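Visitor: Sending over input_36.csv (CSV, C-alpha atoms).
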chain,number,residue,atom,x,y,z
A,1,MET,CA,102.5,106.7,87.0
A,2,PRO,CA,105.6,107.8,89.0
A,3,LEU,CA,105.0,110.5,91.5
A,4,THR,CA,107.5,112.8,89.8
A,5,THR,CA,105.6,112.9,86.5
A,6,GLN,CA,102.0,113.3,87.8
A,7,THR,CA,100.4,116.6,87.2
A,8,THR,CA,98.7,118.6,90.0
A,9,LEU,CA,96.0,121.2,90.4
A,10,ARG,CA,96.7,124.3,92.3
A,11,VAL,CA,93.8,126.4,93.6
A,12,VAL,CA,94.2,130.2,93.7
A,13,LEU,CA,92.0,132.3,96.0
A,14,TYR,CA,92.0,135.5,94.0
A,15,GLU,CA,91.5,138.8,95.8
A,16,GLY,CA,93.1,141.1,93.2
A,17,THR,CA,91.8,143.5,90.7
A,18,ASP,CA,88.1,143.1,89.6
A,19,ALA,CA,87.4,140.8,92.5
A,20,GLN,CA,86.0,141.4,96.0
A,21,PRO,CA,88.1,140.4,98.9
A,22,LEU,CA,86.9,137.3,100.7
A,23,ASP,CA,86.2,137.7,104.4
A,24,SER,CA,88.9,136.2,106.6
A,25,ALA,CA,86.6,133.7,108.4
A,26,ASN,CA,85.4,132.2,105.1
A,27,THR,CA,88.9,132.3,103.7
A,28,PHE,CA,90.2,130.3,106.7
A,29,THR,CA,87.3,127.7,106.4
A,30,THR,CA,87.8,127.3,102.7
A,31,LEU,CA,91.5,127.1,102.9
A,32,THR,CA,91.4,124.5,105.6
A,33,ALA,CA,88.9,122.4,103.7
A,34,LEU,CA,91.0,122.5,100.6
A,35,LEU,CA,94.3,121.7,102.4
A,36,GLU,CA,92.6,118.7,104.1
A,37,LYS,CA,91.7,117.4,100.7
A,38,GLY,CA,95.4,117.7,99.7
A,39,PHE,CA,95.2,120.7,97.4
A,40,ALA,CA,97.9,123.4,97.2
A,41,VAL,CA,96.3,126.8,97.7
A,42,THR,CA,97.6,130.2,96.9
A,43,ARG,CA,96.0,133.3,98.2
A,44,THR,CA,96.7,136.3,96.0
A,45,VAL,CA,96.2,140.0,96.7
A,46,ALA,CA,97.2,143.0,94.7
A,47,GLY,CA,100.9,143.4,94.9
A,48,GLY,CA,101.5,140.2,96.7
A,49,ARG,CA,104.2,137.7,95.6
A,50,VAL,CA,103.6,133.9,95.4
A,51,ALA,CA,105.2,131.0,93.7
A,52,PRO,CA,104.5,130.2,90.0
A,53,HIS,CA,102.9,126.9,89.1
A,54,GLU,CA,104.1,124.3,86.6
A,55,ARG,CA,103.4,120.7,85.6
A,56,GLY,CA,99.7,121.1,86.2
A,57,SER,CA,96.7,123.4,86.0
A,58,LEU,CA,95.3,126.3,88.0
A,59,LEU,CA,91.8,126.8,89.3
A,60,VAL,CA,91.3,130.5,90.1
A,61,LEU,CA,88.5,131.1,92.5
A,62,GLY,CA,87.2,134.6,93.4
A,63,LYS,CA,84.2,136.8,93.9
A,64,PHE,CA,84.4,138.4,90.5
A,65,ALA,CA,82.6,141.6,89.5
A,66,GLY,CA,79.0,140.9,88.5
A,67,GLY,CA,79.4,137.3,89.6
A,68,ARG,CA,81.0,136.5,86.2
A,69,ALA,CA,84.3,134.7,86.1
A,70,PRO,CA,86.7,135.8,83.4
A,71,VAL,CA,87.5,133.5,80.5
A,72,ALA,CA,91.0,132.2,80.2
A,73,GLU,CA,92.8,133.9,77.3
A,74,SER,CA,94.4,130.8,75.9
A,75,ASP,CA,93.6,127.1,76.2
A,76,SER,CA,97.0,126.2,74.8
A,77,ALA,CA,98.9,127.7,77.6
A,78,GLN,CA,101.5,125.5,79.3
A,79,THR,CA,99.6,125.8,82.5
A,80,PRO,CA,95.9,125.6,81.8
A,81,VAL,CA,93.9,128.1,83.8
A,82,ARG,CA,90.2,127.9,84.7
A,83,PHE,CA,88.3,130.7,86.5
A,84,GLN,CA,85.3,130.1,88.8
A,85,ASP,CA,83.1,132.6,90.6
A,86,ILE,CA,82.5,131.5,94.2
A,87,THR,CA,80.0,134.2,95.2
A,88,GLY,CA,77.5,132.5,97.6
A,89,LEU,CA,79.3,129.2,97.7
A,90,ASP,CA,80.3,127.7,101.1
A,91,ALA,CA,83.5,125.8,101.8
A,92,SER,CA,82.1,122.3,100.9
A,93,ARG,CA,80.7,123.5,97.5
A,94,ILE,CA,84.1,125.1,96.8
A,95,VAL,CA,85.9,121.8,97.6
A,96,GLU,CA,83.4,120.0,95.3
A,97,THR,CA,84.3,122.5,92.6
A,98,ALA,CA,88.0,121.9,93.1
A,99,GLU,CA,87.5,118.1,93.1
A,100,ALA,CA,85.6,118.4,89.8
A,101,ALA,CA,88.3,120.5,88.3
A,102,ARG,CA,91.0,118.1,89.5
A,103,SER,CA,89.2,115.2,88.0
A,104,GLU,CA,88.6,117.0,84.6
A,105,SER,CA,92.2,118.0,84.4
A,106,GLY,CA,93.6,114.5,85.2
A,107,ALA,CA,95.6,115.9,88.0
A,108,ALA,CA,96.8,113.6,90.8
A,109,LYS,CA,94.4,112.6,93.6
A,110,HIS,CA,95.9,113.4,96.9
A,111,GLY,CA,95.9,111.3,100.1
A,112,GLU,CA,96.3,107.9,98.5
A,113,TRP,CA,99.9,107.7,99.7
A,114,LYS,CA,101.2,108.9,103.0
A,115,PRO,CA,104.4,110.7,102.2
A,116,TRP,CA,106.7,108.7,104.4
A,117,PHE,CA,110.2,108.3,103.0
A,118,PRO,CA,113.8,108.8,104.0
A,119,VAL,CA,115.2,112.3,103.6
A,120,ILE,CA,119.0,112.3,103.6
A,121,ASP,CA,121.0,115.0,105.3
A,122,TYR,CA,124.0,115.3,103.0
A,123,ASP,CA,125.8,117.5,105.5
A,124,ARG,CA,126.1,114.4,107.7
A,125,CYS,CA,126.0,111.5,105.2
A,126,THR,CA,129.4,109.8,104.6
A,127,ASN,CA,128.1,107.6,101.7
A,128,CYS,CA,128.8,104.5,103.7
A,129,MET,CA,125.9,102.6,102.0
A,130,GLN,CA,124.7,101.0,105.2
A,131,CYS,CA,121.2,102.1,104.3
A,132,LEU,CA,121.4,100.7,100.8
A,133,SER,CA,122.6,97.4,102.1
A,134,PHE,CA,120.0,97.3,104.9
A,135,CYS,CA,116.8,98.2,103.0
A,136,LEU,CA,114.9,95.2,101.6
A,137,PHE,CA,112.4,97.3,99.7
A,138,GLY,CA,114.6,99.0,97.1
A,139,VAL,CA,114.1,102.5,98.4
A,140,TYR,CA,117.7,103.4,98.0
A,141,GLY,CA,120.0,103.6,95.0
A,142,VAL,CA,122.9,105.7,93.8
A,143,ASP,CA,123.1,108.6,91.4
A,144,GLU,CA,125.6,108.9,88.5
A,145,GLN,CA,128.3,109.9,91.0
A,146,ASN,CA,127.6,106.8,93.1
A,147,ARG,CA,126.1,109.0,95.8
A,148,ILE,CA,123.4,107.5,97.9
A,149,GLN,CA,119.9,108.7,97.3
A,150,ALA,CA,116.4,107.7,98.1
A,151,GLN,CA,115.0,106.8,94.7
A,152,ASN,CA,111.8,104.9,95.2
A,153,HIS,CA,109.9,106.9,97.8
A,154,ASP,CA,106.6,105.0,97.5
A,155,ASN,CA,108.4,101.7,98.2
A,156,CYS,CA,109.1,102.9,101.7
A,157,LYS,CA,107.1,101.2,104.5
A,158,THR,CA,104.9,103.8,106.3
A,159,ASN,CA,106.0,104.6,109.8
A,160,CYS,CA,109.1,102.4,109.6
A,161,PRO,CA,112.3,104.3,110.5
A,162,ALA,CA,114.6,101.3,110.6
A,163,CYS,CA,117.1,102.5,108.1
A,164,SER,CA,117.6,105.7,110.1
A,165,ARG,CA,118.5,103.5,113.1
A,166,VAL,CA,121.3,101.8,111.2
A,167,CYS,CA,122.8,105.1,109.9
A,168,PRO,CA,126.0,105.7,112.0
A,169,GLU,CA,125.8,109.4,111.4
A,170,ALA,CA,122.1,110.0,112.1
A,171,ALA,CA,121.9,111.4,108.5
A,172,ILE,CA,118.5,109.8,107.6
A,173,MET,CA,115.4,111.8,108.6
A,174,PHE,CA,111.8,110.9,108.4
A,175,PRO,CA,110.2,114.4,109.0
A,176,LYS,CA,106.9,112.9,110.2
A,177,TYR,CA,108.6,110.8,112.8
A,178,LYS,CA,107.7,111.5,116.4
A,179,ALA,CA,111.1,112.2,117.9
A,180,GLY,CA,114.5,113.7,117.2
A,181,PRO,CA,116.9,113.5,115.6
A,182,ILE,CA,115.0,111.3,113.1
A,183,ASN,CA,112.3,114.0,112.7
A,184,GLY,CA,115.0,116.5,111.6
A,185,ASP,CA,115.7,118.0,115.0
A,186,VAL,CA,119.3,118.8,115.7
A,187,VAL,CA,121.6,115.8,116.2
A,188,GLN,CA,123.1,115.8,119.7
A,189,ASP,CA,126.3,113.8,120.7
A,190,SER,CA,124.1,111.7,122.9
A,191,ASP,CA,121.9,110.8,119.9
A,192,LEU,CA,125.0,109.5,118.0
A,193,GLY,CA,125.8,107.3,121.0
A,194,ARG,CA,122.3,106.0,121.0
A,195,GLU,CA,122.3,105.4,117.3
A,196,LYS,CA,125.6,103.5,117.6
A,197,MET,CA,124.1,101.5,120.4
A,198,LYS,CA,121.2,100.5,118.1
A,199,VAL,CA,123.7,99.3,115.5
A,200,ASP,CA,125.3,97.3,118.2
A,201,ILE,CA,122.0,95.7,119.1
A,202,SER,CA,121.6,94.7,115.5
A,203,ALA,CA,125.2,93.3,115.6
A,204,LEU,CA,124.2,91.4,118.7
A,205,LEU,CA,121.3,89.9,116.9
A,206,GLY,CA,123.8,88.3,114.6
A,207,GLY,CA,125.5,90.8,112.2
A,208,ASP,CA,122.3,92.3,110.8
A,209,VAL,CA,118.7,92.0,111.5
A,210,TYR,CA,117.9,90.1,108.4
A,211,SER,CA,120.5,87.4,109.0
A,212,ALA,CA,119.2,87.2,112.6
A,213,LEU,CA,115.7,86.7,111.3
A,214,ARG,CA,116.9,84.1,108.9
A,215,GLN,CA,118.9,82.2,111.5
A,216,ARG,CA,116.0,82.2,113.9
A,217,SER,CA,113.7,81.1,111.2
A,218,ASP,CA,116.1,78.3,110.2
A,219,ALA,CA,116.4,77.2,113.8
A,220,ALA,CA,112.7,77.3,114.1
A,221,LYS,CA,112.3,75.3,110.9
A,222,ALA,CA,114.8,72.7,112.1
A,223,ARG,CA,113.0,72.3,115.3
A,224,PHE,CA,109.7,72.1,113.4
A,225,SER,CA,111.0,69.3,111.3
A,226,LYS,CA,112.5,67.4,114.3
A,227,GLU,CA,109.8,68.0,116.9
A,228,ARG,CA,106.8,68.9,114.7
A,229,ASP,CA,106.2,71.6,117.2
A,230,ASP,CA,104.8,74.4,115.0
A,231,LYS,CA,103.5,76.3,118.0
A,232,LYS,CA,107.0,76.6,119.5
A,233,ALA,CA,108.4,77.6,116.1
A,234,LEU,CA,105.8,80.3,115.8
A,235,GLN,CA,106.5,81.5,119.3
A,236,GLU,CA,110.2,81.7,118.5
A,237,ARG,CA,109.6,83.7,115.4
A,238,GLN,CA,107.3,86.1,117.2
A,239,LYS,CA,109.9,86.5,119.9
A,240,CYS,CA,112.5,87.4,117.3
A,241,LEU,CA,110.1,89.8,115.6
A,242,ALA,CA,109.3,91.5,118.9
A,243,LYS,CA,113.0,92.0,119.6
A,244,LEU,CA,113.6,93.5,116.2
A,245,ALA,CA,110.5,95.8,116.6
A,246,THR,CA,111.9,97.1,119.8
A,247,ALA,CA,115.5,97.6,118.5
A,248,GLY,CA,114.5,99.3,115.3
A,249,ASP,CA,111.1,100.8,116.2
A,250,ILE,CA,109.8,98.9,113.3
A,251,PRO,CA,106.0,98.8,113.1
A,252,PRO,CA,104.6,95.2,113.7
A,253,GLU,CA,102.7,95.4,110.4
A,254,VAL,CA,106.0,96.0,108.5
A,255,LEU,CA,107.6,93.0,110.2
A,256,MET,CA,104.6,90.8,109.6
A,257,SER,CA,104.6,91.8,105.9
A,258,LEU,CA,108.2,90.6,105.4
A,259,PRO,CA,108.5,88.0,102.7
A,260,SER,CA,109.6,84.4,103.3
A,261,PRO,CA,113.1,83.9,104.7
A,262,GLU,CA,114.4,82.8,101.3
A,263,GLU,CA,113.1,86.0,99.7
A,264,ILE,CA,114.5,88.0,102.5
A,265,MET,CA,117.9,86.4,101.8
A,266,ARG,CA,117.6,87.0,98.1
A,267,ARG,CA,116.7,90.7,98.6
A,268,ALA,CA,119.4,91.2,101.3
A,269,GLU,CA,122.1,89.7,99.0
A,270,GLU,CA,120.8,92.0,96.1
A,271,ALA,CA,121.0,95.1,98.3
A,272,LYS,CA,124.4,94.1,99.7
A,273,ALA,CA,125.7,93.6,96.1
A,274,LYS,CA,124.4,97.1,95.1
A,275,ALA,CA,126.1,98.6,98.1
A,276,THR,CA,129.3,96.8,97.5
A,277,ALA,CA,129.4,97.8,93.9
A,278,ALA,CA,128.7,101.5,94.8
A,279,LEU,CA,131.5,101.4,97.4
A,280,ALA,CA,133.9,99.9,94.9
A,281,ALA,CA,133.0,102.5,92.3
A,282,GLN,CA,133.7,105.2,94.9
A,283,SER,CA,137.2,104.0,95.6
A,284,LYS,CA,138.2,103.9,91.9
B,1,MET,CA,108.9,147.1,98.1
B,2,THR,CA,107.4,143.7,99.0
B,3,GLY,CA,108.7,141.4,101.8
B,4,PRO,CA,109.7,137.8,101.7
B,5,ARG,CA,107.2,135.3,100.2
B,6,ILE,CA,105.4,133.1,102.7
B,7,LEU,CA,105.0,129.3,102.4
B,8,TYR,CA,102.7,127.5,104.9
B,9,CYS,CA,102.7,123.7,105.3
B,10,HIS,CA,99.6,122.1,106.7
B,11,CYS,CA,101.4,118.7,107.3
B,12,GLN,CA,98.2,117.0,106.4
B,13,TYR,CA,99.2,113.4,106.4
B,14,ALA,CA,100.6,113.2,110.0
B,15,GLN,CA,99.7,114.4,113.4
B,16,VAL,CA,103.1,115.7,114.4
B,17,VAL,CA,102.4,119.4,114.3
B,18,PRO,CA,100.0,120.5,117.1
B,19,PRO,CA,96.6,121.2,115.3
B,20,GLU,CA,96.0,124.2,117.5
B,21,VAL,CA,99.3,125.8,116.2
B,22,LYS,CA,98.6,125.0,112.6
B,23,GLU,CA,95.1,126.4,112.9
B,24,ALA,CA,96.1,129.6,114.7
B,25,VAL,CA,98.9,130.3,112.2
B,26,LEU,CA,96.6,129.7,109.2
B,27,ARG,CA,93.9,131.8,110.7
B,28,LYS,CA,96.4,134.7,111.3
B,29,LEU,CA,97.6,134.4,107.7
B,30,CYS,CA,94.0,134.6,106.5
B,31,GLU,CA,93.3,137.7,108.7
B,32,SER,CA,96.5,139.4,107.6
B,33,GLY,CA,95.5,140.2,104.0
B,34,VAL,CA,99.0,139.1,102.8
B,35,ALA,CA,99.6,136.9,99.8
B,36,PHE,CA,100.9,133.4,100.6
B,37,ASP,CA,101.2,129.9,99.3
B,38,ALA,CA,99.8,127.1,101.4
B,39,VAL,CA,100.5,123.4,100.7
B,40,ALA,CA,98.8,120.4,102.2
B,41,ASP,CA,102.0,118.6,102.8
B,42,LEU,CA,105.6,119.7,102.0
B,43,CYS,CA,106.8,116.1,102.2
B,44,GLU,CA,104.4,115.1,99.4
B,45,LEU,CA,105.5,118.0,97.2
B,46,SER,CA,109.1,117.0,97.8
B,47,ALA,CA,108.5,113.4,96.8
B,48,ARG,CA,106.8,114.6,93.7
B,49,GLN,CA,109.7,116.9,93.0
B,50,ASP,CA,107.1,119.5,92.4
B,51,PRO,CA,108.5,122.3,90.1
B,52,SER,CA,106.8,125.0,92.2
B,53,LEU,CA,109.3,124.3,95.0
B,54,LYS,CA,112.2,125.1,92.5
B,55,ARG,CA,110.4,128.3,91.4
B,56,LEU,CA,109.9,129.3,95.0
B,57,THR,CA,113.6,129.1,95.7
B,58,GLU,CA,114.4,131.2,92.7
B,59,GLY,CA,112.1,134.1,93.8
B,60,GLY,CA,114.2,135.7,96.5
B,61,ALA,CA,113.7,135.6,100.3
B,62,VAL,CA,111.1,133.2,101.7
B,63,LYS,CA,109.7,132.4,105.1
B,64,ILE,CA,108.5,128.9,105.6
B,65,ALA,CA,106.1,127.8,108.4
B,66,ALA,CA,106.6,124.1,108.6
B,67,CYS,CA,108.8,121.9,110.9
B,68,PHE,CA,112.5,121.5,111.7
B,69,PRO,CA,114.9,123.6,109.5
B,70,ARG,CA,117.1,120.6,108.9
B,71,ALA,CA,114.2,118.6,107.5
B,72,VAL,CA,112.9,121.5,105.4
B,73,LYS,CA,116.4,122.1,103.9
B,74,TRP,CA,116.8,118.5,102.8
B,75,LEU,CA,113.1,118.1,101.7
B,76,PHE,CA,113.7,120.9,99.2
B,77,HIS,CA,117.0,119.3,98.2
B,78,THR,CA,115.1,116.1,97.5
B,79,ALA,CA,112.8,118.1,95.2
B,80,ARG,CA,115.9,119.3,93.4
B,81,ALA,CA,115.2,122.8,94.7
B,82,ASP,CA,118.1,123.8,97.0
B,83,LEU,CA,117.1,126.7,99.2
B,84,PRO,CA,119.4,129.7,99.4
B,85,LEU,CA,121.0,129.6,102.8
B,86,ASP,CA,120.9,133.4,103.3
B,87,GLY,CA,117.4,133.8,102.0
B,88,VAL,CA,115.3,131.5,104.1
B,89,GLU,CA,113.8,131.5,107.6
B,90,VAL,CA,112.0,128.4,108.7
B,91,LEU,CA,109.4,128.7,111.5
B,92,ASN,CA,109.0,125.4,113.3
B,93,MET,CA,105.4,124.7,114.2
B,94,ARG,CA,106.4,121.5,116.0
B,95,VAL,CA,108.2,123.4,118.7
B,96,GLN,CA,107.2,127.1,118.4
B,97,ASN,CA,103.9,128.5,119.4
B,98,ALA,CA,101.5,130.2,117.0
B,99,GLU,CA,102.3,133.7,118.2
B,100,GLU,CA,106.0,133.3,117.7
B,101,VAL,CA,105.5,131.8,114.2
B,102,ALA,CA,103.0,134.5,113.2
B,103,ALA,CA,105.2,137.3,114.5
B,104,ALA,CA,108.2,136.0,112.6
B,105,LEU,CA,106.1,135.5,109.4
B,106,PHE,CA,104.8,139.1,109.4
B,107,SER,CA,108.1,140.7,110.5
B,108,PRO,CA,109.8,142.6,107.7
B,109,GLU,CA,113.1,141.2,109.0
B,110,LEU,CA,114.4,137.9,107.7
B,111,LYS,CA,116.5,135.7,110.1
B,112,PRO,CA,118.0,133.0,108.0
B,113,ASN,CA,118.3,129.8,110.0
B,114,LEU,CA,118.9,126.9,107.7
B,115,PRO,CA,121.8,124.7,109.0
B,116,ARG,CA,125.1,125.2,107.4
B,117,GLY,CA,127.1,122.0,107.4
B,118,LYS,CA,126.5,119.7,110.3
B,119,ALA,CA,123.8,121.2,112.5
B,120,GLU,CA,125.0,121.7,116.1
B,121,ALA,CA,123.0,121.9,119.3
B,122,ILE,CA,123.2,125.7,119.3
B,123,ASP,CA,121.1,125.7,116.1
B,124,ALA,CA,118.2,124.1,117.9
B,125,PRO,CA,115.1,126.3,118.1
B,126,LYS,CA,113.8,127.4,121.4
B,127,ALA,CA,111.0,125.4,122.9
B,128,ALA,CA,107.6,126.9,122.8
B,129,ALA,CA,106.6,129.0,125.8
B,130,ALA,CA,104.1,127.3,128.1
Would you encode the structure as structure tokens?

Guide:
Amino acid sequence: MPLTTQTTLRVVLYEGTDAQPLDSANTFTTLTALLEKGFAVTRTVAGGRVAPHERGSLLVLGKFAGGRAPVAESDSAQTPVRFQDITGLDASRIVETAEAARSESGAAKHGEWKPWFPVIDYDRCTNCMQCLSFCLFGVYGVDEQNRIQAQNHDNCKTNCPACSRVCPEAAIMFPKYKAGPINGDVVQDSDLGREKMKVDISALLGGDVYSALRQRSDAAKARFSKERDDKKALQERQKCLAKLATAGDIPPEVLMSLPSPEEIMRRAEEAKAKATAALAAQSK
Amino acid sequence: MTGPRILYCHCQYAQVVPPEVKEAVLRKLCESGVAFDAVADLCELSARQDPSLKRLTEGGAVKIAACFPRAVKWLFHTARADLPLDGVEVLNMRVQNAEEVAAALFSPELKPNLPRGKAEAIDAPKAAAA
């Protein structure tokens, strides 16, 4: 099921009317445990303002008067609500309760996918389609106005920031990346210089990294057929991959998971065709 | 009259926010007695296009303890929930210390700091004090 249609469970720590306040140490321990399991948690107090919840259900936890949780008024509500008294429960029992409620409600299980995907800064993006033409994994596409967008977030290769390296405007962010400007830090002039340099490195490799990979692979294959020296061919391929890993800060596991040279070629041509079509539609 | 809403991001699926900063900010929120929303990971909510982000943007001023303002602005955009430029202050737990973040969260004053147009070097947050 696509990420955008999955339902979620939000946990509410209720400290309003008819409930005793939770002590702050327990609140902290419980909140931390729930967040570490991927839950969104709202702490409510009388008169406080929090965000409403949609596309999912609510589990309201509190130390309710007399140890009795209220009963939800309607099961047919758009957002199903369940109340649970947590008097005497420690953090681990509360997490168990939340997990059980999540499972019963059919809400998404968190933590199965590391949310690593490109976030586009449209203040900087010039819609040049370099990212669309570069990505082999179908992460990018265009909207109805032929504007670039990241469409398939879960196709993105975890920890790989390569597309942000080829963006001439440093418009592609990965908020979980270690360093700026890719992590969202302010773009400095020197960063743009560095980004351009990286594109130049890619050009030096033969126009783009994938054609470089293909050429090296073809050369290695040719040598293999002539010399039957598979060890040398493998060394050549590893040398090329190491160079690409350095130039684009691409994790070795991503490079090693690349498909065959023929499949790379096919996907690269497909991506390039999509980019060309989007650029042509823009100029109409 | 109530102050701005508060959203705290735990950045659960990466180790880029110093854990001691996250922990101290969350602890101060729990001790404060204020209402707030805490999410395990804002990136995950953004990828899910979680409707609660849209509703958050519609509810007036908000202070967000997370990471870089430029990243937060476009994470919300990705979730189809554009943040109002004049109504949002982002506290950056990657570079600010917990005291600064907590002081700003609990201050009645809102200092909007989302980038407008191309972010310049002057928009950069101050580095955390040693």

Visitor: Just want the 6 Å neighbourhood of Ser46 of chain B, counted on all atoms listed in the file, with same-chain residues fewer than 2 positions away dropped. Output as a count of residues only.

Guide: 6

Visitor: Chain A residues within 8 Å of chain B, counting all atoms listed in the file: which ones, as JSON, numbers by chain?

Guide: {"A": [3, 4, 5, 6, 24, 25, 27, 28, 35, 36, 37, 38, 39, 40, 41, 42, 43, 44, 45, 47, 48, 49, 50, 51, 52, 53, 54, 55, 111, 114, 115, 116, 119, 120, 121, 122, 123, 124, 153, 173, 175, 176, 177, 178, 183, 184, 185, 186, 187, 188]}

Visitor: Would you mind exporting C-alpha atoms of the selected residues as an mmCIF file, in the frame of the given file?

Guide:
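Output below, filename again_5.cif:
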data_model
loop_
_atom_site.group_PDB
_atom_site.id
_atom_site.type_symbol
_atom_site.label_atom_id
_atom_site.label_comp_id
_atom_site.auth_asym_id
_atom_site.auth_seq_id
_atom_site.Cartn_x
_atom_site.Cartn_y
_atom_site.Cartn_z
ATOM 1 C CA LEU A 3 105.000 110.500 91.500
ATOM 2 C CA THR A 4 107.500 112.800 89.800
ATOM 3 C CA THR A 5 105.600 112.900 86.500
ATOM 4 C CA GLN A 6 102.000 113.300 87.800
ATOM 5 C CA SER A 24 88.900 136.200 106.600
ATOM 6 C CA ALA A 25 86.600 133.700 108.400
ATOM 7 C CA THR A 27 88.900 132.300 103.700
ATOM 8 C CA PHE A 28 90.200 130.300 106.700
ATOM 9 C CA LEU A 35 94.300 121.700 102.400
ATOM 10 C CA GLU A 36 92.600 118.700 104.100
ATOM 11 C CA LYS A 37 91.700 117.400 100.700
ATOM 12 C CA GLY A 38 95.400 117.700 99.700
ATOM 13 C CA PHE A 39 95.200 120.700 97.400
ATOM 14 C CA ALA A 40 97.900 123.400 97.200
ATOM 15 C CA VAL A 41 96.300 126.800 97.700
ATOM 16 C CA THR A 42 97.600 130.200 96.900
ATOM 17 C CA ARG A 43 96.000 133.300 98.200
ATOM 18 C CA THR A 44 96.700 136.300 96.000
ATOM 19 C CA VAL A 45 96.200 140.000 96.700
ATOM 20 C CA GLY A 47 100.900 143.400 94.900
ATOM 21 C CA GLY A 48 101.500 140.200 96.700
ATOM 22 C CA ARG A 49 104.200 137.700 95.600
ATOM 23 C CA VAL A 50 103.600 133.900 95.400
ATOM 24 C CA ALA A 51 105.200 131.000 93.700
ATOM 25 C CA PRO A 52 104.500 130.200 90.000
ATOM 26 C CA HIS A 53 102.900 126.900 89.100
ATOM 27 C CA GLU A 54 104.100 124.300 86.600
ATOM 28 C CA ARG A 55 103.400 120.700 85.600
ATOM 29 C CA GLY A 111 95.900 111.300 100.100
ATOM 30 C CA LYS A 114 101.200 108.900 103.000
ATOM 31 C CA PRO A 115 104.400 110.700 102.200
ATOM 32 C CA TRP A 116 106.700 108.700 104.400
ATOM 33 C CA VAL A 119 115.200 112.300 103.600
ATOM 34 C CA ILE A 120 119.000 112.300 103.600
ATOM 35 C CA ASP A 121 121.000 115.000 105.300
ATOM 36 C CA TYR A 122 124.000 115.300 103.000
ATOM 37 C CA ASP A 123 125.800 117.500 105.500
ATOM 38 C CA ARG A 124 126.100 114.400 107.700
ATOM 39 C CA HIS A 153 109.900 106.900 97.800
ATOM 40 C CA MET A 173 115.400 111.800 108.600
ATOM 41 C CA PRO A 175 110.200 114.400 109.000
ATOM 42 C CA LYS A 176 106.900 112.900 110.200
ATOM 43 C CA TYR A 177 108.600 110.800 112.800
ATOM 44 C CA LYS A 178 107.700 111.500 116.400
ATOM 45 C CA ASN A 183 112.300 114.000 112.700
ATOM 46 C CA GLY A 184 115.000 116.500 111.600
ATOM 47 C CA ASP A 185 115.700 118.000 115.000
ATOM 48 C CA VAL A 186 119.300 118.800 115.700
ATOM 49 C CA VAL A 187 121.600 115.800 116.200
ATOM 50 C CA GLN A 188 123.100 115.800 119.700
#

Visitor: What does the distance from atom CA of Gln151 of chain A to atom CA of Gly138 of chain A come to in Å, to one decimal?

Guide: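 For atom CA of Gln151 of chain A relative to atom CA of Gly138 of chain A, the distance reads 8.2 Å.
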
Visitor: So that I can see what lies close to segment 266-280 of chain A, please list as a VMD selection string the residues with an atom at most 7 Å from it, counting all atoms listed in the file and leaving out residues fewer than 6 positions away in the same chain.

Guide: chain A and resid 129 132 to 133 136 146

Visitor: Keeping C-alpha atoms for every residue in the selection just given, could you write it to a file as a PDB file, in the frame of the given file?

Guide:
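And here is the file that came out, out03.pdb:
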ATOM      1  CA  MET A 129     125.900 102.600 102.000  1.00  0.00           C
ATOM      2  CA  LEU A 132     121.400 100.700 100.800  1.00  0.00           C
ATOM      3  CA  SER A 133     122.600  97.400 102.100  1.00  0.00           C
ATOM      4  CA  LEU A 136     114.900  95.200 101.600  1.00  0.00           C
ATOM      5  CA  ASN A 146     127.600 106.800  93.100  1.00  0.00           C
TER       6      ASN A 146
END

Visitor: Between atom CA of Leu114 of chain B and atom CA of Gly60 of chain B, measure the distance and give it in Å to one decimal.

Guide: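 The value is 15.0 Å.
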
Visitor: Go ahead and compute the interatomic distance for atom CA of Ile86 of chain A and atom CA of Gly62 of chain A, in Å to one decimal.

Guide: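 About the pair atom CA of Ile86 of chain A and atom CA of Gly62 of chain A: they are 5.7 Å apart.
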
Visitor: Need to verify the contact set: Ala65 of chain A, 7 Å, all atoms listed in the file, exclusion of same-chain residues closer than 2 positions in sequence. Can you return it as JSON, numbers by chain?

Guide: {"A": [18, 19, 63, 67, 68]}

Visitor: Would you list the contacts of Cys163 of chain A as a list of chain:residue names, taking every protein, DNA or RNA residue within 8 Å and counting all atoms listed in the file, but skipping same-chain residues closer than 4 positions in sequence?

Guide: A:Cys131, A:Phe134, A:Cys135, A:Cys167, A:Ile172

Visitor: Please extract segment 28-33 of chain A and write it out with N, CA and C atoms, as a short mmCIF file (atom, residue, chain, number, x, y, z; two decimals), in the first residue's frame.

Guide:
data_model
loop_
_atom_site.label_atom_id
_atom_site.label_comp_id
_atom_site.auth_asym_id
_atom_site.auth_seq_id
_atom_site.Cartn_x
_atom_site.Cartn_y
_atom_site.Cartn_z
N PHE A 28 7.97 12.04 30.34
CA PHE A 28 9.16 12.03 29.49
C PHE A 28 9.53 10.60 29.08
N THR A 29 9.56 9.69 30.06
CA THR A 29 9.94 8.30 29.76
C THR A 29 8.94 7.67 28.78
N THR A 30 7.67 7.92 29.02
CA THR A 30 6.63 7.33 28.17
C THR A 30 6.69 7.91 26.76
N LEU A 31 6.82 9.24 26.70
CA LEU A 31 6.89 9.90 25.39
C LEU A 31 8.08 9.40 24.58
N THR A 32 9.22 9.32 25.24
CA THR A 32 10.43 8.86 24.54
C THR A 32 10.22 7.44 24.01
N ALA A 33 9.67 6.57 24.85
CA ALA A 33 9.46 5.18 24.43
C ALA A 33 8.50 5.11 23.24
#
